[in-house]
Amino acid sequence: MTNRTRVFAPVLAVLALSIAGPAWSDFEMNMPVGVTSTSREVYFLHMMTLWICVAIGAVVYTAMVVAIVKFRKSKGAVPAKFTHNSTIEVVWTVIPAVILVAMAIPAAEGLIRMEDTRGSDVTIKVTGLQWRWHYDYIDEGVQFFSTLDRESNAARRVGSGVDPKTVDNYLLAVDNEVVVPVDAKVRLLVTGADVVHAWWVPELAVKKDAVPGFINETWFTADTEGTYRGQCAELCGMDHGFMPIVVRVVSRDEYDTWLGSRRERVSALTP
Amino acid sequence: MSSTAIDTAHGHHGEHRQGFIAWCLRWITTTNHKEIGTLYLVFSLLMLFVGGAMAMLIRLELFQPGMQFLQPQFFNSMTTLHALVMLFGMIMPAFAGFANWMIPLMIGAPDMALPRLNNWSFWLLPVGTGLLLITLFLPGGAPAGGWTMYPPLMLQTADAFPFAIFAVHVLGVSSILAAINIIVTIMNLRAPGMALLKMPMFVWAWLITAYLLVVAMPVLAGAVTMLLTDRFFGTSFFSAAGGGDPVLFQHIFWFFGHPEVYIIILPAFGIISEVIPTFSRKPLFGYAAMVYATASIAFLSMVVWAHHMFTAGMPLAGQLFFMLSTMIIAVPTGVKIFNWTATMWRGSLTFETPMLYALAFLFLFTIGGFSGLMLAIVPADIQYHDTYFVVAHFHYVLVPGALFGAFAGAYYWLPKWTGHMYDEKLGKLHFWLTAIFTNVTFFPQHFLGLAGMPRRIPDYAPQFADFNALSSIGAFGLGLSQLLFVYIVIKCVRGGEKATAQVWDNPAGLEWTVPSPAPLHTFDEPPVVK
């Protein structure tokens, strides 16, 4: 937990417990640190900006509160006559500008790294369709569709009578997961088949629009094995909320075994 | 005036139709800036409840995980229409109402420069909004592609498609005509002695806003016209299969869309710049800097559009440019916040309802500014984009920003409009309910977005349940609290303590030199400003 969560969590928890009676662990309040170098950098930039905002906010809000408390008519405050002060006006124009430049430098550096898709180990073409994903491991001859899993899909109908809390990974599970090797640079070629979608997995810090007729490039290198879940992040019609993304990061051996089993399934289907 | 007409009608049965028709015709044909201002404000208040009802449905469905009430397509229609109604039907007309009522009073003009055009700009508004709302009853349902209308999704809209496009055109024409009228009025009808740099800040804010409208609205009209021809006349502006580009629409749309953000917030800045000095009993700090800051914000707003599109695919240089230009906006915006704070500094503050709204504006709009700064950092924006963090951000700018600005203005000038003081106790109650529920509704949405909840989804994974429930409860409270505002306004129109011409403690501005209520015709002889 971050410092910020420590400060605010109890207050909000009490507030929410009194109305919803929820499980404590559900109160996730911050961005995941994630499992890629990019996601950590993004997390760092996010927290840096947040704390800069908190610091500026502390100064500005203090000034406002002092003015509100101290200069009340009810306390006999007599209004001053001044209408401007060139020195202070220059100061509060220049200081924010300097702070902004200081923020822009690490952000630009991070952005340049994020845009560098060279030297990838695995290339996957990702296609967004209404309302599922298609993955094509273009150097491996493996491709498949990935759709919301059956259990979630049944439970999410209006009036299904199924409590979403009883469904494992409700709305965040798919029939065919994307499998990638750990510590490998995975390049994604993202496109759309019908309308614009967006491929987003928060723990990988990857979000890229899938635009029909165009191919966007992005990449990630996951350094921790595990299952990471995301969702379509661009409104794409009726079932926009029901086309999740699941990425399983596995060891190199496991990845090769998985590729093999996928190829077998393809050859079994081809006459 | 209206109540007398109705009373007479009830007394004499035969005259009923005639009296009622006469009453309707009078409001339909009026060219008086005060009456048109009232029409704008009443229409805007009505739309607050139409758009609000849609928000209530959205929050009802999102109260718990699972699909309980709405079909996904209808949910998408609700998010789409909620945005369009609130932007084009509620907040823009609200500020147009303030402009109509107050600009002539503030610059000492007898009326708007183009009174008949003024009448038409208003009456196009119910037509446009009506076209938009009719789509709810068309086969295939209302538009559901989001207020941003991105193709190709928007092109999948059923029968509602041409209605939505035409509605946008009509609303756009209404705004452009109003803007032209405001520019002409301010440029030509200022009282002798009122140099540009002596105008009240509200008038400055609207002058700049009007120019933004004239620049931005035709661009939107162009964008939706291209959608129309893509759908019906075989063009492929936005279809890659025909050599077009879906992302082109996004560029054109946001070239309108970002100035639109400032079209909505600058008039609120203007109102806050009137309210804070009055209740601080001290002139606005750094007037000239405020004017320049507002103008810089308006200019910058035209070169930041692609910050809405960082995930759409853009060259690195483009991303860097739009990140920097977006961050620069924080400088003039900061100047405004600092100047308002400095206006209060060593003042003599009282806390009537308009001032409370202005103070809440200062505190909460700043939160929206901070989250805007966070969103400008492109690598982080990749994570924030299209999540509830963005929803929280723009609602913090639009609700405690624009809407609180409008409430501040409404309470500030209600006594001038009606001749009665509003009920201060109820006003304060309305303020506290609105301020608290606004935060309960929108603050948790920051956390939802950071934790990974995309926007515009009708259902979500159970880990998002608690903050969504909290947000929904806040929204229901926020919606209900606005009924109190209607009650306060009606009560104030009907009676209450008589307002003096000055209303407040020695406020600045020509509007306080005319009696309360302001008579139908004012400044037949222009006042002289020293």
# chains A, B, ... in the order shown; residues from 1 in each chain; ligands from 1
>>> interface_residues(of="chain B", to="chain A", cutoff="7 Å", atoms="only C-alpha atoms", output="JSON, numbers by chain")
{"B": [65, 66, 67, 68, 69, 71, 72, 73, 145, 152, 153, 240, 241, 281, 282, 283, 284, 285, 286, 311, 312, 313, 320, 327, 331, 335, 341, 344, 345, 346, 347, 348, 349, 350, 370, 374, 377, 378, 379, 380, 382, 383, 386, 447, 448, 450, 451, 452, 454, 456, 457, 458, 459, 460, 461, 462, 463, 464, 466, 470]}
>>> atom_distance(atom1="atom CA of B:Tyr150", atom2="atom CA of B:Pro126")
25.0 Å
>>> closest_residue(among="B:Phe122, B:Phe437, B:Phe485, B:Trp432", to="B:Asn32", atoms="only C-alpha atoms")
B:Phe122
>>> residues_around(residues="stretch 138-141 of chain A", least_positions_apart="6", cutoff="10 Å", atoms="only C-alpha atoms", output="MDAnalysis selection string")
chainID A and resid 122:125 189 259:260 262:263 266
>>> residues_around(residues="A:Asp253", least_positions_apart="4", cutoff="9 Å", atoms="only C-alpha atoms", output="ChimeraX atom specification")
/A:181,257-258
>>> write_last_selection(atoms="N, CA and C atoms", output="mmCIF file, in the first residue's frame")
data_model
loop_
_atom_site.group_PDB
_atom_site.id
_atom_site.type_symbol
_atom_site.label_atom_id
_atom_site.label_comp_id
_atom_site.auth_asym_id
_atom_site.auth_seq_id
_atom_site.Cartn_x
_atom_site.Cartn_y
_atom_site.Cartn_z
ATOM 1 N N PRO A 181 6.099 -15.615 -23.322
ATOM 2 C CA PRO A 181 7.218 -16.014 -22.459
ATOM 3 C C PRO A 181 7.665 -14.857 -21.566
ATOM 4 N N THR A 257 5.882 -25.383 -25.086
ATOM 5 C CA THR A 257 4.906 -26.467 -25.000
ATOM 6 C C THR A 257 3.538 -25.979 -25.459
ATOM 7 N N TRP A 258 3.179 -24.787 -24.992
ATOM 8 C CA TRP A 258 1.861 -24.214 -25.348
ATOM 9 C C TRP A 258 1.749 -24.008 -26.861
#
